[in-house]
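Participant: Okay, here's the structure, questions in a sec.
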Number of protein chains: 2
Amino acid sequence: MSISQKIKASISQSSMIRKMFEEGAILKKKFGADKVYDFSLGNPNVEPPENFKKELIMLAQEIISNKHGYMPNAGYAETRQVIAAKINKMHGLKLNGDHVIMSCGAGGALNVIFKALLDPQDEVIVPVPFFMEYAAYVDNYGGVLRKVKTQNDFSLDVTAIASAVNGKTKAVLINSPNNPTGKVYSEQSIADLARMLDKKSKEIKKTIYLVSDEPYSEIVYDNVTVPNIFSVYSNSIIAYSYSKTLSLPGERIGYIAVNPEIEEAAELLNALILCTRISGFVNAPALMQRIVARLQDVTVDVDVYKRKRDLLCAGLTKAGYKFEKPQGAFYLFPQSPIPDDAAFVQMLLKRNILVVPGSGFGSPGYFRIAFCVDDATIGNSLDGFAEAIKECR
Amino acid sequence: MSISQKIKASISQSSMIRKMFEEGAILKKKFGADKVYDFSLGNPNVEPPENFKKELIMLAQEIISNKHGYMPNAGYAETRQVIAAKINKMHGLKLNGDHVIMSCGAGGALNVIFKALLDPQDEVIVPVPFFMEYAAYVDNYGGVLRKVKTQNDFSLDVTAIASAVNGKTKAVLINSPNNPTGKVYSEQSIADLARMLDKKSKEIKKTIYLVSDEPYSEIVYDNVTVPNIFSVYSNSIIAYSYSKTLSLPGERIGYIAVNPEIEEAAELLNALILCTRISGFVNAPALMQRIVARLQDVTVDVDVYKRKRDLLCAGLTKAGYKFEKPQGAFYLFPQSPIPDDAAFVQMLLKRNILVVPGSGFGSPGYFRIAFCVDDATIGNSLDGFAEAIKECR
């Protein structure tokens with residue numbers, strides 16, 4: 001018996017999302033893919049934009065010296081500059097290329113950020129429910145995830161966050177649009193959070209960083225806008241991924257953006273670059289870095305997701321489910337009709353519907369539906385959803 | 001002051017290789033690229049094989065559903081099977097796809113392996129000189145790198161390794177062909193090592209893993225062959241990268257191969273997959289996984305590197321340098337003409353020649369030349385090399 005004791009213990013509690021994903025693969029073999037309604041994973045079925053495909057073909061054909069070689073660990077200067085310019089244009093800020101470090105998706109970005117920030121026992125505050133991988137990302141560097149409640153509609157509870165701050169607090173981690181709720185935090189709540197963090201940082205005489213995980217920032221509905229944290233809080237860092245915006249989660253491309261006003265910016269940037277290298281990422285994939293530089297104004301068609309959202313919301317409302325209508329991302333987080341969400345997930349599973357229990361996101365009594373699937377999958381699943389809730393009455 | 005104390009301390013001792021790489025960029029701006037002889041980084045100037053370019057264009061054009069989406073964290077089943085089949089064919093083994101986990105290069109592979117294996121204070125034995133990033137990779141998981149000497153010709157000193165084994169030993173890490181020496185460990189020495197590790201594992205009543213970092217296994221000269229560790233030692237794991245074989249280090253694609261005979265294989269494989277996910281790699285880049293599956297029998301033209309090696313060896317011999325002729329990889333590790341290798345590196349730098357001090361690899365008194373550069377760079381640097389050694393007399 002020789003593998004890491006810690007990892008051995010983690011294997012058994014491994015991701016519920018991935019477990020459902022694998023369960024789904026088995027069911028699909030047994031019943032046929034069209035008879036299984038797999039809402040388990042945020043793996044967009046929407047194809048990347050046509051422009052992405054065109055650029056990929058063009059780039060494949062282009063003759064560029066050392067096209068697939070190493071570049072500085074932070075990424076190509078050109079890509080970093082283009083991204084900084086876009087952020088500046090959108091939010092009236094003053095980043096330059098140095099404030100952007102290319103990453104292997106948002107998962108890579110968050111690991112690099114936490115490795116750079118955390119000493120053992122440092123605490124990271126996260127509003128519940130939250131993307132469950134955060135627990136591992138923080139634990140990887142000896143940190144402790146401190147979970148705080150949100151309001152009933154999943155909006156930020158700044159008072160609850162304030163109460164959780166203590167001498168060990170290193171960062172607050174937010175995710176808006178949120179996975180699993182689809183909630184977009186309002187400008188007012190972000191401003192309140194910023195004010196509170198400024199005050200608390202002074203109180204505990206330590207910088208509290210605000211880390212914002214924003215892979216869904218461009219997938220929002222009904223004219224909702226995602227407030228930019230850089231404008232309201234200096235000590236802030238954004239983790240971004242093109243996984244959802246361009247529908248290429250398997251390619252592992254994203255970035256870290258650091259607020260130019262952050263304390264000791266140069267040292268933090270050096271730390272992030274060092275951590276990118278020594279964690280074994282070395283750099284974000286070269287070809288994808290070149291492509292995203294050319295696609296800063298391109299996104300998947302958000303209306304497609306809106307249609308899916310509306311179809312699902314209408315069907316679930318009719319069946320009697322209770323939920324907050326998502327303002328962004330492609331997740332719906334309804335209340336489980338019975339308190340035991342894991343049991344209800346099994347009731348759906350009997351109908352070949354795969355969803356993930358809310359307990360996996362820190363919120364028992366709910367479940368998550370990832371609706372980045374075919375319209376037909378949504379439409380054909382609605383009878384099953386209706387039957388399952390009927391069975392609970 | 002709020003970033004991680006540990007990372008803060010590491011920044012100042014950051015990679016000498018990367019420092020020279022960045023120094024090189026500055027010199028090139030100042031003097032022109034053709035007046036700077038940059039041997040600092042293992043960043044191949046040799047282009048990827050034509051077949052790679054063809055496959056990339058074809059794949060870019062192909063219509064495949066969910067081409068850039070998530071796949072299982074371990075990678076595409078097809079890619080993993082093709083790699084297992086190749087290993088089996090080369091070495092008469094019995095891997096299946098499950099024994100292969102796709103990784104973000106060898107750097108990613110080694111981090112995942114050490115995260116899966118190491119508990120705090122576990123020791124990893126490495127023969128000196130060694131690729132300096134190993135120290136960070138082991139330290140990332142609380143492990144301790146225990147350095148042991150090699151023979152004068154850089155071949156394995158199995159007795160020295162045996163003496164270093166103790167109750168905390170978790171693994172021995174080898175790298176053949178070696179960075180920085182170009183040494184290929186002989187079949188005999190690998191067999192001796194395996195026998196010793198079997199014996200010591202019994203003595204300390206713990207599995208000692210043999211981890212072999214093999215990004216250069218296909219870049220060998222003069223009909224040298226690299227012995228396969230799976231054939232002689234059950235508890236063995238290989239980290240492989242296509243960075244050098246296909247000249248695409250910036251694309252971050254490689255794999256972990258696990259000996260089918262390893263103890264508790266299923267648990268270790270699960271641990272490696274879990275660690276791939278929670279470290280933020282999630283999976284190796286999708287497009288590159290598809291490409292390498294199609295290029296298992298393709299490598300860069302090794303004769304090109306042989307020519308560079310011979311050109312460099314002839315020039316340095318003539319100038320009076322002492323070194324072991326590399327049997328593989330594209331590094332040469334000569335003795336510094338003066339004991340202070342850092343000082344000698346500065347003497348070369350005055351002549352616009354960039355190399356890396358041996359102290360960075362655990363071997364003061366030597367320096368590393370990465371000869372994966374233009375023939376002209378080698379040719380034009382030889383006068384500078386000759387002058388520098390003359391200055392030492």
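Naming scheme: A, B, ... for chains in displayed order of the structure tokens; residues 1 onward per chain; ligands 1 onward as shown.
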What does chain B look like once superposed on chain A, all Cα atoms paired in sequence order, least squares? Give it as a tab-separated table (two decimals) with C-alpha atoms, in the first residue's frame.
Facilitator:
chain	number	residue	atom	x	y	z
B	1	MET	CA	-0.07	-0.04	-0.11
B	2	SER	CA	1.94	2.90	-1.24
B	3	ILE	CA	0.02	5.66	-2.95
B	4	SER	CA	-0.57	8.96	-1.17
B	5	GLN	CA	-2.84	8.47	1.87
B	6	LYS	CA	-4.54	11.77	1.19
B	7	ILE	CA	-5.28	10.92	-2.43
B	8	LYS	CA	-6.44	7.46	-1.45
B	9	ALA	CA	-9.00	9.02	0.86
B	10	SER	CA	-10.12	11.42	-1.87
B	11	ILE	CA	-10.76	8.74	-4.48
B	12	SER	CA	-13.85	7.45	-2.72
B	13	GLN	CA	-15.40	10.90	-2.51
B	14	SER	CA	-14.56	11.68	-6.10
B	15	SER	CA	-16.64	14.11	-8.14
B	16	MET	CA	-20.34	13.33	-8.27
B	17	ILE	CA	-20.47	15.16	-11.58
B	18	ARG	CA	-17.95	12.85	-13.17
B	19	LYS	CA	-19.64	9.80	-11.61
B	20	MET	CA	-22.93	10.76	-13.25
B	21	PHE	CA	-21.09	11.44	-16.52
B	22	GLU	CA	-19.67	7.91	-16.44
B	23	GLU	CA	-23.02	6.41	-15.35
B	24	GLY	CA	-24.49	8.19	-18.37
B	25	ALA	CA	-22.01	6.54	-20.73
B	26	ILE	CA	-23.06	3.11	-19.42
B	27	LEU	CA	-26.78	3.87	-19.75
B	28	LYS	CA	-26.28	5.17	-23.29
B	29	LYS	CA	-24.64	1.92	-24.32
B	30	LYS	CA	-27.52	-0.02	-22.79
B	31	PHE	CA	-30.52	2.01	-23.98
B	32	GLY	CA	-29.17	4.08	-26.91
B	33	ALA	CA	-28.03	7.71	-26.65
B	34	ASP	CA	-31.45	9.14	-27.59
B	35	LYS	CA	-33.13	7.32	-24.70
B	36	VAL	CA	-30.83	8.80	-22.07
B	37	TYR	CA	-31.22	12.38	-20.87
B	38	ASP	CA	-27.77	13.34	-19.67
B	39	PHE	CA	-27.75	16.69	-17.86
B	40	SER	CA	-24.75	15.81	-15.71
B	41	LEU	CA	-21.82	17.70	-17.18
B	42	GLY	CA	-21.19	21.27	-18.35
B	43	ASN	CA	-19.89	19.94	-21.66
B	44	PRO	CA	-21.51	22.19	-24.27
B	45	ASN	CA	-23.15	20.35	-27.16
B	46	VAL	CA	-23.18	23.68	-29.02
B	47	GLU	CA	-20.47	23.69	-31.69
B	48	PRO	CA	-17.65	26.27	-31.57
B	49	PRO	CA	-18.40	29.39	-33.66
B	50	GLU	CA	-17.74	29.17	-37.42
B	51	ASN	CA	-14.97	31.76	-37.03
B	52	PHE	CA	-13.14	29.43	-34.68
B	53	LYS	CA	-13.21	26.66	-37.26
B	54	LYS	CA	-12.02	29.03	-39.99
B	55	GLU	CA	-9.17	30.38	-37.88
B	56	LEU	CA	-8.11	26.89	-36.86
B	57	ILE	CA	-7.86	25.82	-40.51
B	58	MET	CA	-5.98	29.01	-41.45
B	59	LEU	CA	-3.61	28.71	-38.54
B	60	ALA	CA	-2.97	25.02	-39.30
B	61	GLN	CA	-1.92	26.06	-42.81
B	62	GLU	CA	0.16	29.10	-41.87
B	63	ILE	CA	3.92	28.80	-41.88
B	64	ILE	CA	5.20	30.34	-38.67
B	65	SER	CA	8.64	29.60	-37.31
B	66	ASN	CA	8.58	27.70	-34.02
B	67	LYS	CA	4.76	27.69	-34.15
B	68	HIS	CA	4.38	24.90	-31.58
B	69	GLY	CA	7.43	25.71	-29.44
B	70	TYR	CA	7.84	27.10	-25.97
B	71	MET	CA	7.06	30.74	-25.42
B	72	PRO	CA	7.46	32.66	-22.12
B	73	ASN	CA	5.60	30.76	-19.38
B	74	ALA	CA	3.02	33.54	-19.16
B	75	GLY	CA	2.09	33.10	-22.81
B	76	TYR	CA	2.51	34.92	-26.11
B	77	ALA	CA	2.92	38.69	-25.61
B	78	GLU	CA	0.53	39.37	-28.48
B	79	THR	CA	-2.27	37.24	-27.04
B	80	ARG	CA	-1.85	38.81	-23.62
B	81	GLN	CA	-1.97	42.34	-25.08
B	82	VAL	CA	-5.08	41.66	-27.11
B	83	ILE	CA	-6.87	40.31	-24.03
B	84	ALA	CA	-5.78	43.27	-21.89
B	85	ALA	CA	-7.03	45.65	-24.59
B	86	LYS	CA	-10.41	43.91	-24.67
B	87	ILE	CA	-10.83	44.10	-20.90
B	88	ASN	CA	-9.86	47.77	-20.99
B	89	LYS	CA	-12.34	48.51	-23.75
B	90	MET	CA	-15.20	46.73	-21.98
B	91	HIS	CA	-14.65	48.21	-18.55
B	92	GLY	CA	-12.57	51.38	-19.01
B	93	LEU	CA	-9.51	49.95	-17.26
B	94	LYS	CA	-5.75	50.20	-17.73
B	95	LEU	CA	-4.35	46.68	-17.97
B	96	ASN	CA	-1.39	45.92	-20.16
B	97	GLY	CA	-0.25	42.53	-21.42
B	98	ASP	CA	1.76	41.94	-18.24
B	99	HIS	CA	-1.46	41.76	-16.22
B	100	VAL	CA	-2.66	38.75	-18.20
B	101	ILE	CA	-1.22	35.24	-17.81
B	102	MET	CA	-2.47	32.53	-20.13
B	103	SER	CA	-3.71	29.39	-18.39
B	104	CYS	CA	-4.98	25.87	-19.01
B	105	GLY	CA	-8.62	26.87	-18.66
B	106	ALA	CA	-10.19	28.30	-15.51
B	107	GLY	CA	-9.33	25.13	-13.57
B	108	GLY	CA	-5.66	25.70	-14.34
B	109	ALA	CA	-6.00	29.41	-13.59
B	110	LEU	CA	-7.56	28.84	-10.16
B	111	ASN	CA	-4.93	26.29	-9.19
B	112	VAL	CA	-2.14	28.68	-10.15
B	113	ILE	CA	-3.83	31.53	-8.27
B	114	PHE	CA	-4.30	29.50	-5.08
B	115	LYS	CA	-0.79	28.08	-5.25
B	116	ALA	CA	0.54	31.63	-5.51
B	117	LEU	CA	-1.63	32.98	-2.67
B	118	LEU	CA	-2.12	30.29	-0.06
B	119	ASP	CA	-0.03	29.18	2.86
B	120	PRO	CA	-1.24	26.14	4.82
B	121	GLN	CA	-4.39	26.87	6.87
B	122	ASP	CA	-5.19	30.03	4.93
B	123	GLU	CA	-8.92	30.33	4.41
B	124	VAL	CA	-10.86	30.97	1.23
B	125	ILE	CA	-14.47	32.03	1.66
B	126	VAL	CA	-16.98	30.79	-0.90
B	127	PRO	CA	-20.71	31.41	-1.12
B	128	VAL	CA	-22.82	28.24	-1.23
B	129	PRO	CA	-23.76	26.55	-3.55
B	130	PHE	CA	-20.45	26.40	-5.37
B	131	PHE	CA	-18.66	24.41	-8.09
B	132	MET	CA	-17.46	21.43	-6.09
B	133	GLU	CA	-13.94	21.34	-7.56
B	134	TYR	CA	-13.14	24.53	-5.59
B	135	ALA	CA	-12.74	22.41	-2.49
B	136	ALA	CA	-9.94	20.41	-4.12
B	137	TYR	CA	-8.33	23.48	-5.68
B	138	VAL	CA	-8.00	25.14	-2.27
B	139	ASP	CA	-7.04	21.95	-0.47
B	140	ASN	CA	-4.26	21.29	-3.01
B	141	TYR	CA	-2.27	24.09	-1.37
B	142	GLY	CA	-3.18	23.37	2.22
B	143	GLY	CA	-5.93	25.98	2.27
B	144	VAL	CA	-9.32	25.64	3.94
B	145	LEU	CA	-12.56	26.38	2.11
B	146	ARG	CA	-14.96	28.29	4.35
B	147	LYS	CA	-18.51	28.02	3.05
B	148	VAL	CA	-21.02	30.80	3.68
B	149	LYS	CA	-24.71	30.93	2.93
B	150	THR	CA	-26.33	33.01	0.22
B	151	GLN	CA	-29.79	34.62	0.20
B	152	ASN	CA	-32.83	32.50	-0.67
B	153	ASP	CA	-32.53	33.61	-4.31
B	154	PHE	CA	-28.79	32.69	-4.27
B	155	SER	CA	-27.67	36.34	-4.28
B	156	LEU	CA	-24.66	37.29	-2.15
B	157	ASP	CA	-25.11	37.58	1.60
B	158	VAL	CA	-22.38	40.13	2.31
B	159	THR	CA	-23.11	40.11	6.03
B	160	ALA	CA	-22.58	36.36	6.15
B	161	ILE	CA	-19.28	36.73	4.28
B	162	ALA	CA	-18.20	39.49	6.67
B	163	SER	CA	-18.92	37.24	9.66
B	164	ALA	CA	-16.72	34.53	8.17
B	165	VAL	CA	-13.68	36.79	7.81
B	166	ASN	CA	-10.97	36.17	10.39
B	167	GLY	CA	-7.19	36.45	10.74
B	168	LYS	CA	-6.68	33.45	8.46
B	169	THR	CA	-8.80	34.73	5.57
B	170	LYS	CA	-6.76	35.06	2.41
B	171	ALA	CA	-9.41	35.33	-0.28
B	172	VAL	CA	-13.08	35.38	-1.19
B	173	LEU	CA	-13.93	33.30	-4.25
B	174	ILE	CA	-16.99	34.20	-6.29
B	175	ASN	CA	-18.42	32.71	-9.47
B	176	SER	CA	-20.93	34.77	-11.44
B	177	PRO	CA	-22.80	33.71	-13.54
B	178	ASN	CA	-22.87	30.93	-11.03
B	179	ASN	CA	-22.43	27.23	-11.42
B	180	PRO	CA	-24.79	25.61	-10.32
B	181	THR	CA	-27.46	28.32	-9.90
B	182	GLY	CA	-27.12	30.56	-12.96
B	183	LYS	CA	-27.25	33.55	-10.60
B	184	VAL	CA	-25.51	36.77	-11.69
B	185	TYR	CA	-24.44	38.89	-8.71
B	186	SER	CA	-25.80	42.44	-8.95
B	187	GLU	CA	-23.62	45.52	-9.26
B	188	GLN	CA	-24.91	46.64	-5.88
B	189	SER	CA	-23.97	43.40	-4.14
B	190	ILE	CA	-20.49	43.42	-5.68
B	191	ALA	CA	-20.03	47.03	-4.55
B	192	ASP	CA	-21.16	46.09	-1.03
B	193	LEU	CA	-18.80	43.13	-1.02
B	194	ALA	CA	-15.89	45.33	-2.13
B	195	ARG	CA	-16.61	47.92	0.56
B	196	MET	CA	-16.84	45.25	3.22
B	197	LEU	CA	-13.57	43.61	2.11
B	198	ASP	CA	-11.75	46.96	2.16
B	199	LYS	CA	-12.94	47.52	5.69
B	200	LYS	CA	-12.15	43.99	6.87
B	201	SER	CA	-8.68	44.03	5.26
B	202	LYS	CA	-7.87	47.06	7.39
B	203	GLU	CA	-9.34	45.41	10.48
B	204	ILE	CA	-7.32	42.21	10.13
B	205	LYS	CA	-4.32	44.15	8.74
B	206	LYS	CA	-4.00	41.73	5.83
B	207	THR	CA	-4.92	41.86	2.18
B	208	ILE	CA	-8.06	39.91	1.38
B	209	TYR	CA	-8.07	39.01	-2.30
B	210	LEU	CA	-11.25	38.82	-4.31
B	211	VAL	CA	-10.94	36.00	-6.84
B	212	SER	CA	-13.64	35.83	-9.48
B	213	ASP	CA	-14.13	32.68	-11.56
B	214	GLU	CA	-15.78	33.92	-14.75
B	215	PRO	CA	-15.99	31.26	-17.45
B	216	TYR	CA	-19.64	32.13	-18.04
B	217	SER	CA	-19.34	35.92	-18.09
B	218	GLU	CA	-20.45	36.13	-21.71
B	219	ILE	CA	-23.32	33.67	-21.38
B	220	VAL	CA	-26.08	35.85	-19.88
B	221	TYR	CA	-29.74	36.33	-20.71
B	222	ASP	CA	-32.40	39.05	-20.70
B	223	ASN	CA	-29.85	41.92	-20.94
B	224	VAL	CA	-28.31	41.10	-17.59
B	225	THR	CA	-24.74	42.39	-17.28
B	226	VAL	CA	-21.96	40.93	-15.16
B	227	PRO	CA	-20.35	43.69	-13.06
B	228	ASN	CA	-16.57	43.91	-13.37
B	229	ILE	CA	-14.80	43.44	-10.05
B	230	PHE	CA	-11.66	45.36	-11.08
B	231	SER	CA	-13.59	48.64	-11.11
B	232	VAL	CA	-14.64	48.34	-7.47
B	233	TYR	CA	-11.94	46.36	-5.65
B	234	SER	CA	-8.18	46.75	-6.13
B	235	ASN	CA	-7.00	43.43	-4.75
B	236	SER	CA	-8.84	41.37	-7.30
B	237	ILE	CA	-7.97	38.60	-9.73
B	238	ILE	CA	-10.10	37.09	-12.50
B	239	ALA	CA	-9.93	33.49	-13.74
B	240	TYR	CA	-11.35	33.16	-17.23
B	241	SER	CA	-11.82	30.29	-19.65
B	242	TYR	CA	-12.76	30.10	-23.33
B	243	SER	CA	-14.33	26.69	-22.62
B	244	LYS	CA	-17.87	27.98	-22.64
B	245	THR	CA	-17.58	31.19	-24.70
B	246	LEU	CA	-16.06	29.31	-27.64
B	247	SER	CA	-17.31	25.80	-26.74
B	248	LEU	CA	-13.89	24.19	-26.40
B	249	PRO	CA	-13.54	22.90	-22.84
B	250	GLY	CA	-11.33	20.01	-23.96
B	251	GLU	CA	-8.66	22.38	-25.31
B	252	ARG	CA	-7.78	23.88	-21.92
B	253	ILE	CA	-7.37	27.54	-22.73
B	254	GLY	CA	-8.08	30.50	-20.48
B	255	TYR	CA	-6.30	33.24	-18.59
B	256	ILE	CA	-5.63	34.93	-15.27
B	257	ALA	CA	-6.16	38.72	-15.24
B	258	VAL	CA	-4.72	40.73	-12.37
B	259	ASN	CA	-6.04	44.13	-11.36
B	260	PRO	CA	-3.33	46.70	-12.23
B	261	GLU	CA	-4.10	48.42	-8.89
B	262	ILE	CA	-3.41	45.28	-6.85
B	263	GLU	CA	-0.86	45.53	-4.02
B	264	GLU	CA	2.65	44.48	-5.01
B	265	ALA	CA	1.50	43.63	-8.51
B	266	ALA	CA	4.95	42.75	-9.83
B	267	GLU	CA	5.59	40.20	-7.11
B	268	LEU	CA	2.18	38.60	-7.53
B	269	LEU	CA	2.63	38.39	-11.31
B	270	ASN	CA	6.02	36.75	-10.85
B	271	ALA	CA	4.47	34.31	-8.39
B	272	LEU	CA	1.71	33.41	-10.84
B	273	ILE	CA	4.21	32.82	-13.64
B	274	LEU	CA	6.40	30.72	-11.37
B	275	CYS	CA	3.41	28.64	-10.28
B	276	THR	CA	2.33	28.14	-13.89
B	277	ARG	CA	5.77	26.69	-14.59
B	278	ILE	CA	6.40	24.55	-11.53
B	279	SER	CA	2.89	23.05	-11.41
B	280	GLY	CA	3.73	21.38	-14.72
B	281	PHE	CA	1.40	23.48	-16.86
B	282	VAL	CA	4.55	25.26	-18.17
B	283	ASN	CA	2.35	27.31	-20.48
B	284	ALA	CA	-1.18	27.28	-21.93
B	285	PRO	CA	-1.38	25.29	-25.20
B	286	ALA	CA	0.37	27.30	-27.94
B	287	LEU	CA	-2.00	26.85	-30.86
B	288	MET	CA	-5.06	27.77	-28.77
B	289	GLN	CA	-3.27	30.87	-27.49
B	290	ARG	CA	-2.81	32.01	-31.08
B	291	ILE	CA	-6.44	31.28	-31.95
B	292	VAL	CA	-8.10	33.07	-29.05
B	293	ALA	CA	-6.03	36.17	-29.83
B	294	ARG	CA	-7.92	36.32	-33.12
B	295	LEU	CA	-11.35	35.67	-31.64
B	296	GLN	CA	-11.74	38.25	-28.90
B	297	ASP	CA	-15.07	39.46	-30.23
B	298	VAL	CA	-16.49	36.04	-31.03
B	299	THR	CA	-18.77	33.96	-28.82
B	300	VAL	CA	-21.14	31.06	-29.30
B	301	ASP	CA	-24.73	32.08	-30.03
B	302	VAL	CA	-26.12	32.81	-26.57
B	303	ASP	CA	-29.69	32.77	-27.92
B	304	VAL	CA	-29.31	29.03	-28.42
B	305	TYR	CA	-28.78	28.60	-24.69
B	306	LYS	CA	-31.59	31.03	-23.93
B	307	ARG	CA	-33.95	28.88	-25.99
B	308	LYS	CA	-32.86	25.78	-24.09
B	309	ARG	CA	-33.28	27.56	-20.77
B	310	ASP	CA	-36.78	28.73	-21.65
B	311	LEU	CA	-37.82	25.30	-22.89
B	312	LEU	CA	-36.57	23.66	-19.70
B	313	CYS	CA	-38.00	26.33	-17.38
B	314	ALA	CA	-41.44	26.12	-19.01
B	315	GLY	CA	-41.49	22.33	-18.75
B	316	LEU	CA	-40.32	22.20	-15.15
B	317	THR	CA	-42.70	24.95	-14.05
B	318	LYS	CA	-45.60	23.06	-15.61
B	319	ALA	CA	-44.51	19.90	-13.79
B	320	GLY	CA	-44.48	21.82	-10.50
B	321	TYR	CA	-40.75	22.26	-9.83
B	322	LYS	CA	-39.59	25.30	-7.89
B	323	PHE	CA	-36.43	27.12	-9.00
B	324	GLU	CA	-34.79	30.50	-9.62
B	325	LYS	CA	-34.71	31.26	-13.33
B	326	PRO	CA	-31.02	31.32	-14.38
B	327	GLN	CA	-29.71	34.73	-15.47
B	328	GLY	CA	-26.60	33.23	-17.03
B	329	ALA	CA	-24.52	30.08	-17.58
B	330	PHE	CA	-26.36	26.89	-18.58
B	331	TYR	CA	-27.37	25.42	-15.25
B	332	LEU	CA	-30.66	25.22	-13.43
B	333	PHE	CA	-30.74	24.42	-9.70
B	334	PRO	CA	-34.27	23.40	-8.71
B	335	GLN	CA	-35.42	22.36	-5.28
B	336	SER	CA	-35.68	18.63	-4.84
B	337	PRO	CA	-39.37	17.73	-4.23
B	338	ILE	CA	-38.17	15.58	-1.31
B	339	PRO	CA	-35.52	16.64	1.22
B	340	ASP	CA	-33.15	13.82	0.21
B	341	ASP	CA	-31.69	15.12	-3.05
B	342	ALA	CA	-29.60	11.98	-3.63
B	343	ALA	CA	-32.73	9.85	-3.41
B	344	PHE	CA	-34.55	12.13	-5.85
B	345	VAL	CA	-31.62	11.95	-8.27
B	346	GLN	CA	-32.04	8.16	-8.18
B	347	MET	CA	-35.73	8.57	-8.98
B	348	LEU	CA	-34.78	10.59	-12.05
B	349	LEU	CA	-32.10	8.06	-12.93
B	350	LYS	CA	-34.75	5.34	-13.09
B	351	ARG	CA	-36.21	7.44	-15.92
B	352	ASN	CA	-32.78	7.68	-17.60
B	353	ILE	CA	-32.44	11.31	-16.53
B	354	LEU	CA	-28.98	12.19	-15.22
B	355	VAL	CA	-28.59	15.22	-12.95
B	356	VAL	CA	-26.28	15.95	-10.01
B	357	PRO	CA	-27.39	16.11	-6.35
B	358	GLY	CA	-27.18	19.55	-4.73
B	359	SER	CA	-25.23	18.13	-1.81
B	360	GLY	CA	-22.29	17.94	-4.19
B	361	PHE	CA	-22.43	21.73	-4.43
B	362	GLY	CA	-22.86	22.24	-0.70
B	363	SER	CA	-26.67	22.57	-0.97
B	364	PRO	CA	-28.63	19.47	-0.01
B	365	GLY	CA	-32.28	19.61	-1.05
B	366	TYR	CA	-31.49	20.81	-4.57
B	367	PHE	CA	-30.23	19.26	-7.79
B	368	ARG	CA	-28.36	20.60	-10.81
B	369	ILE	CA	-29.45	20.33	-14.42
B	370	ALA	CA	-26.78	21.23	-17.02
B	371	PHE	CA	-28.90	22.26	-20.00
B	372	CYS	CA	-26.08	22.58	-22.57
B	373	VAL	CA	-27.65	19.67	-24.43
B	374	ASP	CA	-29.80	19.07	-27.53
B	375	ASP	CA	-33.24	20.67	-27.49
B	376	ALA	CA	-34.60	17.16	-28.08
B	377	THR	CA	-32.94	15.89	-24.91
B	378	ILE	CA	-34.70	18.61	-22.96
B	379	GLY	CA	-38.03	18.08	-24.70
B	380	ASN	CA	-37.99	14.30	-24.37
B	381	SER	CA	-36.97	14.40	-20.71
B	382	LEU	CA	-39.90	16.50	-19.54
B	383	ASP	CA	-42.31	13.58	-19.11
B	384	GLY	CA	-39.74	11.86	-16.91
B	385	PHE	CA	-39.27	14.98	-14.81
B	386	ALA	CA	-43.06	15.27	-14.44
B	387	GLU	CA	-43.47	11.62	-13.45
B	388	ALA	CA	-40.69	11.82	-10.87
B	389	ILE	CA	-42.20	14.79	-9.05
B	390	LYS	CA	-45.62	13.15	-9.19
B	391	GLU	CA	-44.19	10.06	-7.52
B	392	CYS	CA	-43.09	12.28	-4.59
B	393	ARG	CA	-46.60	13.50	-3.80
Participant: Could you pull out the strand (DSSP E) residues of segment 270-364 of chain B, going by DSSP on the backbone, and write them as a PyMOL selection string?
Facilitator: chain B and resi 331-332+353-354+356-357
Participant: Taking only segment 263-351 of chain A into account, list the residues labelled helix (DSSP H, G or I) by DSSP (computed from the backbone), as a count of residues only.
Facilitator: 49
